[in-house]
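Engineer: Contents of target_14.pdb (PDB, C-alpha atoms and all ligand atoms) are given next:
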ATOM      1  CA  MET A   7      16.556  -7.123  29.015  1.00  0.00           C
ATOM      2  CA  GLU A   8      16.732  -5.186  25.756  1.00  0.00           C
ATOM      3  CA  LYS A   9      14.853  -6.727  22.804  1.00  0.00           C
ATOM      4  CA  THR A  10      15.059  -5.734  19.153  1.00  0.00           C
ATOM      5  CA  LEU A  11      12.355  -5.999  16.522  1.00  0.00           C
ATOM      6  CA  SER A  12      13.621  -6.187  12.955  1.00  0.00           C
ATOM      7  CA  ILE A  13      11.699  -5.619   9.744  1.00  0.00           C
ATOM      8  CA  ASN A  14      12.195  -7.991   6.804  1.00  0.00           C
ATOM      9  CA  TYR A  15      11.917  -6.604   3.296  1.00  0.00           C
ATOM     10  CA  PHE A  16      13.508  -6.740  -0.145  1.00  0.00           C
ATOM     11  CA  HIS A  17      14.872  -3.679  -1.942  1.00  0.00           C
ATOM     12  CA  ILE A  18      14.634  -3.846  -5.738  1.00  0.00           C
ATOM     13  CA  ASN A  19      16.577  -1.173  -7.631  1.00  0.00           C
ATOM     14  CA  ASP A  20      16.164  -2.604 -11.095  1.00  0.00           C
ATOM     15  CA  TRP A  21      12.553  -2.347 -12.259  1.00  0.00           C
ATOM     16  CA  THR A  22      13.051  -5.192 -14.769  1.00  0.00           C
ATOM     17  CA  GLU A  23      13.620  -7.661 -11.907  1.00  0.00           C
ATOM     18  CA  LEU A  24       9.916  -7.353 -11.108  1.00  0.00           C
ATOM     19  CA  SER A  25       7.421  -9.722 -12.737  1.00  0.00           C
ATOM     20  CA  ASP A  26       5.213  -8.413 -15.552  1.00  0.00           C
ATOM     21  CA  LEU A  27       2.258  -8.686 -13.170  1.00  0.00           C
ATOM     22  CA  ASP A  28       3.999  -6.590 -10.502  1.00  0.00           C
ATOM     23  CA  GLN A  29       4.912  -3.973 -13.119  1.00  0.00           C
ATOM     24  CA  LYS A  30       1.328  -3.868 -14.388  1.00  0.00           C
ATOM     25  CA  MET A  31      -0.050  -3.525 -10.851  1.00  0.00           C
ATOM     26  CA  ILE A  32       2.393  -0.699 -10.076  1.00  0.00           C
ATOM     27  CA  GLU A  33       1.222   1.162 -13.175  1.00  0.00           C
ATOM     28  CA  LYS A  34      -2.355   0.707 -11.939  1.00  0.00           C
ATOM     29  CA  ALA A  35      -1.382   2.236  -8.587  1.00  0.00           C
ATOM     30  CA  PHE A  36       0.084   5.267 -10.407  1.00  0.00           C
ATOM     31  CA  GLU A  37      -3.125   5.531 -12.463  1.00  0.00           C
ATOM     32  CA  ALA A  38      -5.119   5.372  -9.212  1.00  0.00           C
ATOM     33  CA  CYS A  39      -3.082   8.358  -7.971  1.00  0.00           C
ATOM     34  CA  GLU A  40      -4.680  10.472 -10.670  1.00  0.00           C
ATOM     35  CA  ASN A  41      -8.079   9.976  -8.990  1.00  0.00           C
ATOM     36  CA  ALA A  42      -6.823  11.291  -5.653  1.00  0.00           C
ATOM     37  CA  TYR A  43      -8.835  14.181  -4.280  1.00  0.00           C
ATOM     38  CA  ALA A  44      -6.118  16.022  -2.402  1.00  0.00           C
ATOM     39  CA  PRO A  45      -6.767  19.783  -2.714  1.00  0.00           C
ATOM     40  CA  TYR A  46      -5.593  20.421   0.869  1.00  0.00           C
ATOM     41  CA  SER A  47      -2.350  18.448   1.075  1.00  0.00           C
ATOM     42  CA  LYS A  48      -1.594  18.389  -2.680  1.00  0.00           C
ATOM     43  CA  PHE A  49      -0.156  14.951  -1.930  1.00  0.00           C
ATOM     44  CA  LYS A  50      -1.578  12.189  -4.113  1.00  0.00           C
ATOM     45  CA  VAL A  51      -1.439   8.565  -3.000  1.00  0.00           C
ATOM     46  CA  GLY A  52      -2.522   5.573  -5.081  1.00  0.00           C
ATOM     47  CA  ALA A  53      -3.044   1.934  -4.133  1.00  0.00           C
ATOM     48  CA  SER A  54      -3.859  -1.106  -6.236  1.00  0.00           C
ATOM     49  CA  VAL A  55      -4.879  -4.411  -4.697  1.00  0.00           C
ATOM     50  CA  LEU A  56      -4.554  -7.743  -6.478  1.00  0.00           C
ATOM     51  CA  LEU A  57      -7.072 -10.383  -5.382  1.00  0.00           C
ATOM     52  CA  LYS A  58      -6.575 -14.131  -5.706  1.00  0.00           C
ATOM     53  CA  ASN A  59      -9.252 -14.349  -8.432  1.00  0.00           C
ATOM     54  CA  GLY A  60      -7.241 -11.836 -10.501  1.00  0.00           C
ATOM     55  CA  HIS A  61      -9.573  -8.926  -9.810  1.00  0.00           C
ATOM     56  CA  VAL A  62      -7.891  -5.554  -9.251  1.00  0.00           C
ATOM     57  CA  VAL A  63      -9.227  -2.919  -6.840  1.00  0.00           C
ATOM     58  CA  ILE A  64      -7.776   0.597  -6.800  1.00  0.00           C
ATOM     59  CA  GLY A  65      -7.974   3.377  -4.247  1.00  0.00           C
ATOM     60  CA  SER A  66      -6.657   6.891  -3.790  1.00  0.00           C
ATOM     61  CA  ASN A  67      -6.674   9.362  -0.922  1.00  0.00           C
ATOM     62  CA  GLN A  68      -9.932  11.275  -0.627  1.00  0.00           C
ATOM     63  CA  GLU A  69      -9.715  14.442   1.435  1.00  0.00           C
ATOM     64  CA  ASN A  70     -12.434  16.628   2.922  1.00  0.00           C
ATOM     65  CA  ILE A  71     -12.573  20.227   4.106  1.00  0.00           C
ATOM     66  CA  ALA A  72     -13.316  18.755   7.546  1.00  0.00           C
ATOM     67  CA  TYR A  73      -9.827  17.226   7.491  1.00  0.00           C
ATOM     68  CA  PRO A  74     -10.284  14.086   9.656  1.00  0.00           C
ATOM     69  CA  SER A  75     -13.217  13.041   7.471  1.00  0.00           C
ATOM     70  CA  GLY A  76     -10.823  12.223   4.611  1.00  0.00           C
ATOM     71  CA  LEU A  77      -9.284   8.798   4.118  1.00  0.00           C
ATOM     72  CA  CYS A  78      -5.932   7.407   2.952  1.00  0.00           C
ATOM     73  CA  ALA A  79      -5.585   5.597  -0.376  1.00  0.00           C
ATOM     74  CA  GLU A  80      -4.747   2.239   1.201  1.00  0.00           C
ATOM     75  CA  ARG A  81      -7.849   2.249   3.384  1.00  0.00           C
ATOM     76  CA  VAL A  82     -10.090   3.373   0.524  1.00  0.00           C
ATOM     77  CA  ALA A  83      -8.860   0.341  -1.453  1.00  0.00           C
ATOM     78  CA  LEU A  84      -8.906  -2.177   1.422  1.00  0.00           C
ATOM     79  CA  PHE A  85     -12.350  -1.171   2.656  1.00  0.00           C
ATOM     80  CA  HIS A  86     -13.636  -1.468  -0.912  1.00  0.00           C
ATOM     81  CA  VAL A  87     -12.266  -5.029  -0.933  1.00  0.00           C
ATOM     82  CA  GLY A  88     -13.968  -5.750   2.403  1.00  0.00           C
ATOM     83  CA  ALA A  89     -17.261  -4.298   1.180  1.00  0.00           C
ATOM     84  CA  ASN A  90     -17.313  -5.925  -2.261  1.00  0.00           C
ATOM     85  CA  PHE A  91     -15.116  -9.035  -2.114  1.00  0.00           C
ATOM     86  CA  PRO A  92     -15.214 -10.071   1.561  1.00  0.00           C
ATOM     87  CA  ASN A  93     -14.223 -13.678   0.884  1.00  0.00           C
ATOM     88  CA  GLU A  94     -11.617 -13.110  -1.809  1.00  0.00           C
ATOM     89  CA  PRO A  95      -8.057 -13.222  -0.433  1.00  0.00           C
ATOM     90  CA  ILE A  96      -5.656 -10.378  -1.160  1.00  0.00           C
ATOM     91  CA  VAL A  97      -2.405 -11.405  -2.857  1.00  0.00           C
ATOM     92  CA  SER A  98      -0.614  -8.021  -2.900  1.00  0.00           C
ATOM     93  CA  ILE A  99      -1.151  -4.313  -2.340  1.00  0.00           C
ATOM     94  CA  TYR A 100       0.921  -1.759  -4.272  1.00  0.00           C
ATOM     95  CA  ILE A 101       1.282   1.757  -2.867  1.00  0.00           C
ATOM     96  CA  VAL A 102       2.690   4.847  -4.604  1.00  0.00           C
ATOM     97  CA  ALA A 103       2.610   8.622  -4.121  1.00  0.00           C
ATOM     98  CA  LYS A 104       3.127  11.827  -6.077  1.00  0.00           C
ATOM     99  CA  GLY A 105       3.466  15.375  -4.828  1.00  0.00           C
ATOM    100  CA  ASP A 106       5.636  18.468  -4.884  1.00  0.00           C
ATOM    101  CA  LEU A 107       6.849  17.572  -1.417  1.00  0.00           C
ATOM    102  CA  LEU A 108       7.885  14.065  -2.408  1.00  0.00           C
ATOM    103  CA  PRO A 109      11.261  13.727  -4.161  1.00  0.00           C
ATOM    104  CA  PHE A 110      11.259  11.424  -7.171  1.00  0.00           C
ATOM    105  CA  GLU A 111      13.361   8.735  -5.499  1.00  0.00           C
ATOM    106  CA  LYS A 112      11.525   8.680  -2.156  1.00  0.00           C
ATOM    107  CA  ILE A 113       9.266   5.775  -1.193  1.00  0.00           C
ATOM    108  CA  LEU A 114       6.075   6.487   0.755  1.00  0.00           C
ATOM    109  CA  ALA A 115       5.952   4.761   4.136  1.00  0.00           C
ATOM    110  CA  PRO A 116       2.265   4.006   4.780  1.00  0.00           C
ATOM    111  CA  CYS A 117       0.828   5.690   7.871  1.00  0.00           C
ATOM    112  CA  GLY A 118       0.286   3.755  11.086  1.00  0.00           C
ATOM    113  CA  GLY A 119      -3.510   3.703  10.697  1.00  0.00           C
ATOM    114  CA  CYS A 120      -3.230   2.054   7.288  1.00  0.00           C
ATOM    115  CA  ARG A 121      -0.722  -0.477   8.608  1.00  0.00           C
ATOM    116  CA  GLN A 122      -3.145  -1.420  11.357  1.00  0.00           C
ATOM    117  CA  VAL A 123      -5.916  -1.919   8.762  1.00  0.00           C
ATOM    118  CA  MET A 124      -3.575  -3.947   6.519  1.00  0.00           C
ATOM    119  CA  VAL A 125      -2.635  -6.191   9.449  1.00  0.00           C
ATOM    120  CA  GLU A 126      -6.274  -6.831  10.316  1.00  0.00           C
ATOM    121  CA  SER A 127      -7.246  -7.702   6.731  1.00  0.00           C
ATOM    122  CA  GLU A 128      -4.318 -10.139   6.697  1.00  0.00           C
ATOM    123  CA  ILE A 129      -5.431 -11.759   9.958  1.00  0.00           C
ATOM    124  CA  ARG A 130      -8.986 -11.902   8.608  1.00  0.00           C
ATOM    125  CA  GLN A 131      -7.948 -13.857   5.504  1.00  0.00           C
ATOM    126  CA  ASN A 132      -5.578 -16.034   7.532  1.00  0.00           C
ATOM    127  CA  GLU A 133      -2.886 -15.747   4.870  1.00  0.00           C
ATOM    128  CA  PRO A 134      -0.092 -13.189   4.461  1.00  0.00           C
ATOM    129  CA  TYR A 135      -0.131 -10.790   1.525  1.00  0.00           C
ATOM    130  CA  ARG A 136       2.660  -8.770  -0.057  1.00  0.00           C
ATOM    131  CA  VAL A 137       3.006  -5.028   0.409  1.00  0.00           C
ATOM    132  CA  VAL A 138       4.880  -3.347  -2.443  1.00  0.00           C
ATOM    133  CA  LEU A 139       6.030   0.276  -2.012  1.00  0.00           C
ATOM    134  CA  VAL A 140       7.326   2.129  -5.060  1.00  0.00           C
ATOM    135  CA  SER A 141       8.952   5.536  -5.682  1.00  0.00           C
ATOM    136  CA  GLN A 142       8.228   7.598  -8.773  1.00  0.00           C
ATOM    137  CA  ASN A 143      11.524   6.426 -10.263  1.00  0.00           C
ATOM    138  CA  ARG A 144      10.403   2.858  -9.606  1.00  0.00           C
ATOM    139  CA  LYS A 145      12.675   1.915  -6.705  1.00  0.00           C
ATOM    140  CA  THR A 146      10.744  -0.794  -4.883  1.00  0.00           C
ATOM    141  CA  LEU A 147      10.494  -2.251  -1.387  1.00  0.00           C
ATOM    142  CA  ILE A 148       8.678  -5.561  -1.005  1.00  0.00           C
ATOM    143  CA  PHE A 149       7.331  -6.867   2.301  1.00  0.00           C
ATOM    144  CA  ASN A 150       6.104 -10.458   2.233  1.00  0.00           C
ATOM    145  CA  ALA A 151       3.478  -9.816   4.876  1.00  0.00           C
ATOM    146  CA  ALA A 152       1.532  -6.771   6.045  1.00  0.00           C
ATOM    147  CA  LYS A 153       2.449  -7.628   9.626  1.00  0.00           C
ATOM    148  CA  ASP A 154       6.119  -7.090   8.746  1.00  0.00           C
ATOM    149  CA  LEU A 155       5.332  -3.370   8.442  1.00  0.00           C
ATOM    150  CA  LEU A 156       3.809  -3.219  11.907  1.00  0.00           C
ATOM    151  CA  PRO A 157       5.591  -5.413  14.404  1.00  0.00           C
ATOM    152  CA  PHE A 158       4.040  -5.319  17.867  1.00  0.00           C
ATOM    153  CA  SER A 159       0.678  -4.178  16.511  1.00  0.00           C
ATOM    154  CA  PHE A 160      -2.444  -3.747  18.593  1.00  0.00           C
ATOM    155  CA  GLY A 161      -4.487  -6.950  18.506  1.00  0.00           C
ATOM    156  CA  SER A 162      -6.238  -9.711  20.364  1.00  0.00           C
ATOM    157  CA  ASP A 163      -3.041 -11.594  21.257  1.00  0.00           C
TER     158      ASP A 163
HETATM  159  N1  LIG A 201      -1.998   9.520   2.876  1.00  0.00           N
HETATM  160  C1  LIG A 201      -2.356   8.327   2.294  1.00  0.00           C
HETATM  161  O1  LIG A 201      -3.228   8.271   1.428  1.00  0.00           O
HETATM  162  N2  LIG A 201      -1.699   7.213   2.701  1.00  0.00           N
HETATM  163  C2  LIG A 201      -0.719   7.195   3.657  1.00  0.00           C
HETATM  164  O2  LIG A 201      -0.226   6.124   4.008  1.00  0.00           O
HETATM  165  C3  LIG A 201      -0.234   8.442   4.234  1.00  0.00           C
HETATM  166  C4  LIG A 201      -0.988   9.663   3.895  1.00  0.00           C
HETATM  167  C5  LIG A 201      -2.711  10.721   2.438  1.00  0.00           C
HETATM  168  C6  LIG A 201      -3.607  11.318   3.493  1.00  0.00           C
HETATM  169  C7  LIG A 201      -3.681  12.766   3.030  1.00  0.00           C
HETATM  170  O3  LIG A 201      -4.720  12.868   2.057  1.00  0.00           O
HETATM  171  C8  LIG A 201      -2.350  13.007   2.353  1.00  0.00           C
HETATM  172  O4  LIG A 201      -1.802  11.733   2.081  1.00  0.00           O
HETATM  173  C9  LIG A 201      -1.371  13.823   3.182  1.00  0.00           C
HETATM  174  O5  LIG A 201      -1.228  13.295   4.444  1.00  0.00           O
END
As structure tokens, how would this structure be written, given the file I've shared?
Structural biologist:
Amino acid sequence: MEKTLSINYFHINDWTELSDLDQKMIEKAFEACENAYAPYSKFKVGASVLLKNGHVVIGSNQENIAYPSGLCAERVALFHVGANFPNEPIVSIYIVAKGDLLPFEKILAPCGGCRQVMVESEIRQNEPYRVVLVSQNRKTLIFNAAKDLLPFSFGSD
């Protein structure tokens, strides 16, 4: 029997529909992009994570001449949260990208490895968190749970 998995998300075209907090966090993700170390791909990714206590953690992709040693922006940010705020729940993660190869209106789809890490941090805190993806011209996709980005993920169940 054929089965279909669907992905739930909201598409926001008008930037002003977002809350002030969302707008501020998106700007922080773009600022984080500036700290990317991406001399090999020339593709800069930024992530900002909002914690329940109001603390903000940012991350950006950090590459290495031994290519697989580098890490994506989302994982840099999420592992920082795990290392420094292990008991503080995540409310939202905001993810943006900049690069010659990325048209202004295109939204970065996080890689599978980062989705797997997002799903596990969500399971760990036992509470869903929002994933907000934004293009350079501020078109926005909002997922209400990290698991919505990775249906049928690898896991204990
Ligand atoms: N990258 C991220 O930071 N996040 C993703 O979700 C996809 C890819 C980075 C890895 C590498 O530094 C560059 O983008 C090109 O793949």
Engineer: Please identify every polymer residue within 9 Å of ligand LIG 201 (chain A), using all atoms listed in the file, and present the set as a ChimeraX atom specification.
Structural biologist: /A:42-53,65-70,73,76-82,101-103,114-121
Engineer: So which residues get picked by the PyMOL selection byres (((chain A and resi 15-25) around 10) and not hetatm) here, written as a PyMOL selection string?
Structural biologist: chain A and resi 12-14+26-31+137-140+143-151+154-155
Engineer: Selection in question (the file shown): the PyMOL selection byres (((chain A and resi 88-99) around 7) and not hetatm). Which residues does it include, as a VMD selection string?
Structural biologist: chain A and resid 53 to 58 84 to 87 100 to 101 131 135 to 138
Engineer: Can you measure atom CA of Val62 of chain A to atom CA of Pro74 of chain A for me? One decimal in Å is fine.
Structural biologist: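 Rounded to one decimal, the two atoms are 27.4 Å apart.
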Engineer: Using only C-alpha atoms, pick whichever of A:Glu40, A:Glu133, A:Ser141, A:Thr10 has the shortest atom-to-atom distance to Leu108 of chain A.
Structural biologist: A:Ser141
Engineer: What gap, in Å, lies between atom CA of Ala35 of chain A and atom CA of Lys153 of chain A?
Structural biologist: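 Separating atom CA of Ala35 of chain A from atom CA of Lys153 of chain A is a distance of 21.1 Å.
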Engineer: Measure the distance from atom CA of Lys104 of chain A to atom CA of Ala38 of chain A in Å and round it to one decimal.
Structural biologist: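 Spanning atom CA of Lys104 of chain A to atom CA of Ala38 of chain A is a straight-line distance of 10.9 Å.
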Engineer: Which of these residues is nearest to Phe110 of chain A, using only C-alpha atoms: A:Ser127, A:Gln122, A:Gln142, A:Asn132?
Structural biologist: A:Gln142
Engineer: Save segment 83-110 of chain A from what I just supplied, as a short mmCIF file (atom, residue, chain, number, x, y, z; two decimals), in the first residue's frame, atoms limited to N, CA, C and O atoms.
Structural biologist:
data_model
loop_
_atom_site.label_atom_id
_atom_site.label_comp_id
_atom_site.auth_asym_id
_atom_site.auth_seq_id
_atom_site.Cartn_x
_atom_site.Cartn_y
_atom_site.Cartn_z
N ALA A 83 25.89 25.98 16.18
CA ALA A 83 25.01 26.65 17.15
C ALA A 83 24.40 25.64 18.13
O ALA A 83 24.42 25.85 19.35
N LEU A 84 23.88 24.54 17.61
CA LEU A 84 23.17 23.57 18.48
C LEU A 84 24.13 22.87 19.43
O LEU A 84 23.78 22.60 20.59
N PHE A 85 25.34 22.57 18.97
CA PHE A 85 26.29 21.91 19.86
C PHE A 85 26.80 22.90 20.92
O PHE A 85 27.13 22.51 22.03
N HIS A 86 26.85 24.18 20.55
CA HIS A 86 27.19 25.19 21.57
C HIS A 86 26.11 25.21 22.66
O HIS A 86 26.42 25.28 23.85
N VAL A 87 24.85 25.13 22.23
CA VAL A 87 23.75 25.09 23.21
C VAL A 87 23.92 23.86 24.11
O VAL A 87 23.86 23.96 25.34
N GLY A 88 24.17 22.70 23.50
CA GLY A 88 24.32 21.47 24.28
C GLY A 88 25.48 21.56 25.26
O GLY A 88 25.41 21.06 26.39
N ALA A 89 26.56 22.22 24.83
CA ALA A 89 27.76 22.29 25.67
C ALA A 89 27.63 23.32 26.78
O ALA A 89 28.22 23.17 27.85
N ASN A 90 26.87 24.39 26.52
CA ASN A 90 26.85 25.51 27.48
C ASN A 90 25.53 25.69 28.22
O ASN A 90 25.49 26.25 29.30
N PHE A 91 24.44 25.25 27.59
CA PHE A 91 23.11 25.41 28.21
C PHE A 91 22.33 24.10 28.09
O PHE A 91 21.25 24.07 27.50
N PRO A 92 22.88 23.01 28.63
CA PRO A 92 22.28 21.69 28.37
C PRO A 92 20.86 21.53 28.87
O PRO A 92 20.11 20.72 28.34
N ASN A 93 20.47 22.33 29.86
CA ASN A 93 19.12 22.16 30.42
C ASN A 93 18.17 23.29 30.02
O ASN A 93 17.06 23.36 30.55
N GLU A 94 18.60 24.14 29.11
CA GLU A 94 17.76 25.28 28.73
C GLU A 94 17.06 24.96 27.41
O GLU A 94 17.72 24.78 26.39
N PRO A 95 15.72 24.86 27.41
CA PRO A 95 15.04 24.48 26.17
C PRO A 95 15.21 25.50 25.05
O PRO A 95 15.30 26.70 25.29
N ILE A 96 15.25 24.99 23.84
CA ILE A 96 15.30 25.84 22.65
C ILE A 96 13.86 26.21 22.28
O ILE A 96 12.96 25.36 22.31
N VAL A 97 13.64 27.46 21.94
CA VAL A 97 12.32 27.92 21.50
C VAL A 97 12.27 27.93 19.97
O VAL A 97 11.30 27.48 19.37
N SER A 98 13.32 28.46 19.34
CA SER A 98 13.36 28.57 17.87
C SER A 98 14.80 28.60 17.39
O SER A 98 15.68 29.11 18.09
N ILE A 99 15.00 28.09 16.17
CA ILE A 99 16.28 28.29 15.47
C ILE A 99 15.97 28.99 14.14
O ILE A 99 14.97 28.66 13.48
N TYR A 100 16.79 29.96 13.81
CA TYR A 100 16.63 30.76 12.59
C TYR A 100 17.85 30.48 11.71
O TYR A 100 18.99 30.54 12.20
N ILE A 101 17.62 30.19 10.44
CA ILE A 101 18.73 29.77 9.57
C ILE A 101 18.69 30.59 8.27
O ILE A 101 17.64 30.69 7.61
N VAL A 102 19.84 31.17 7.93
CA VAL A 102 19.92 32.00 6.71
C VAL A 102 21.22 31.66 5.97
O VAL A 102 22.12 31.03 6.54
N ALA A 103 21.33 32.10 4.73
CA ALA A 103 22.56 31.87 3.97
C ALA A 103 22.80 33.01 2.99
O ALA A 103 21.86 33.71 2.59
N LYS A 104 24.08 33.17 2.64
CA LYS A 104 24.49 34.18 1.66
C LYS A 104 25.56 33.56 0.79
O LYS A 104 26.42 32.85 1.31
N GLY A 105 25.54 33.86 -0.48
CA GLY A 105 26.63 33.35 -1.34
C GLY A 105 26.32 33.65 -2.78
O GLY A 105 25.15 33.80 -3.15
N ASP A 106 27.39 33.72 -3.59
CA ASP A 106 27.19 34.04 -5.01
C ASP A 106 26.28 33.03 -5.68
O ASP A 106 25.56 33.35 -6.62
N LEU A 107 26.32 31.80 -5.16
CA LEU A 107 25.53 30.74 -5.80
C LEU A 107 24.07 30.75 -5.35
O LEU A 107 23.25 29.99 -5.88
N LEU A 108 23.77 31.58 -4.36
CA LEU A 108 22.41 31.54 -3.80
C LEU A 108 21.62 32.78 -4.22
O LEU A 108 21.88 33.88 -3.74
N PRO A 109 20.64 32.62 -5.12
CA PRO A 109 19.82 33.76 -5.51
C PRO A 109 19.13 34.40 -4.30
O PRO A 109 18.83 33.71 -3.32
N PHE A 110 18.91 35.69 -4.41
CA PHE A 110 18.39 36.50 -3.32
C PHE A 110 17.09 35.95 -2.72
O PHE A 110 16.84 36.06 -1.53
#
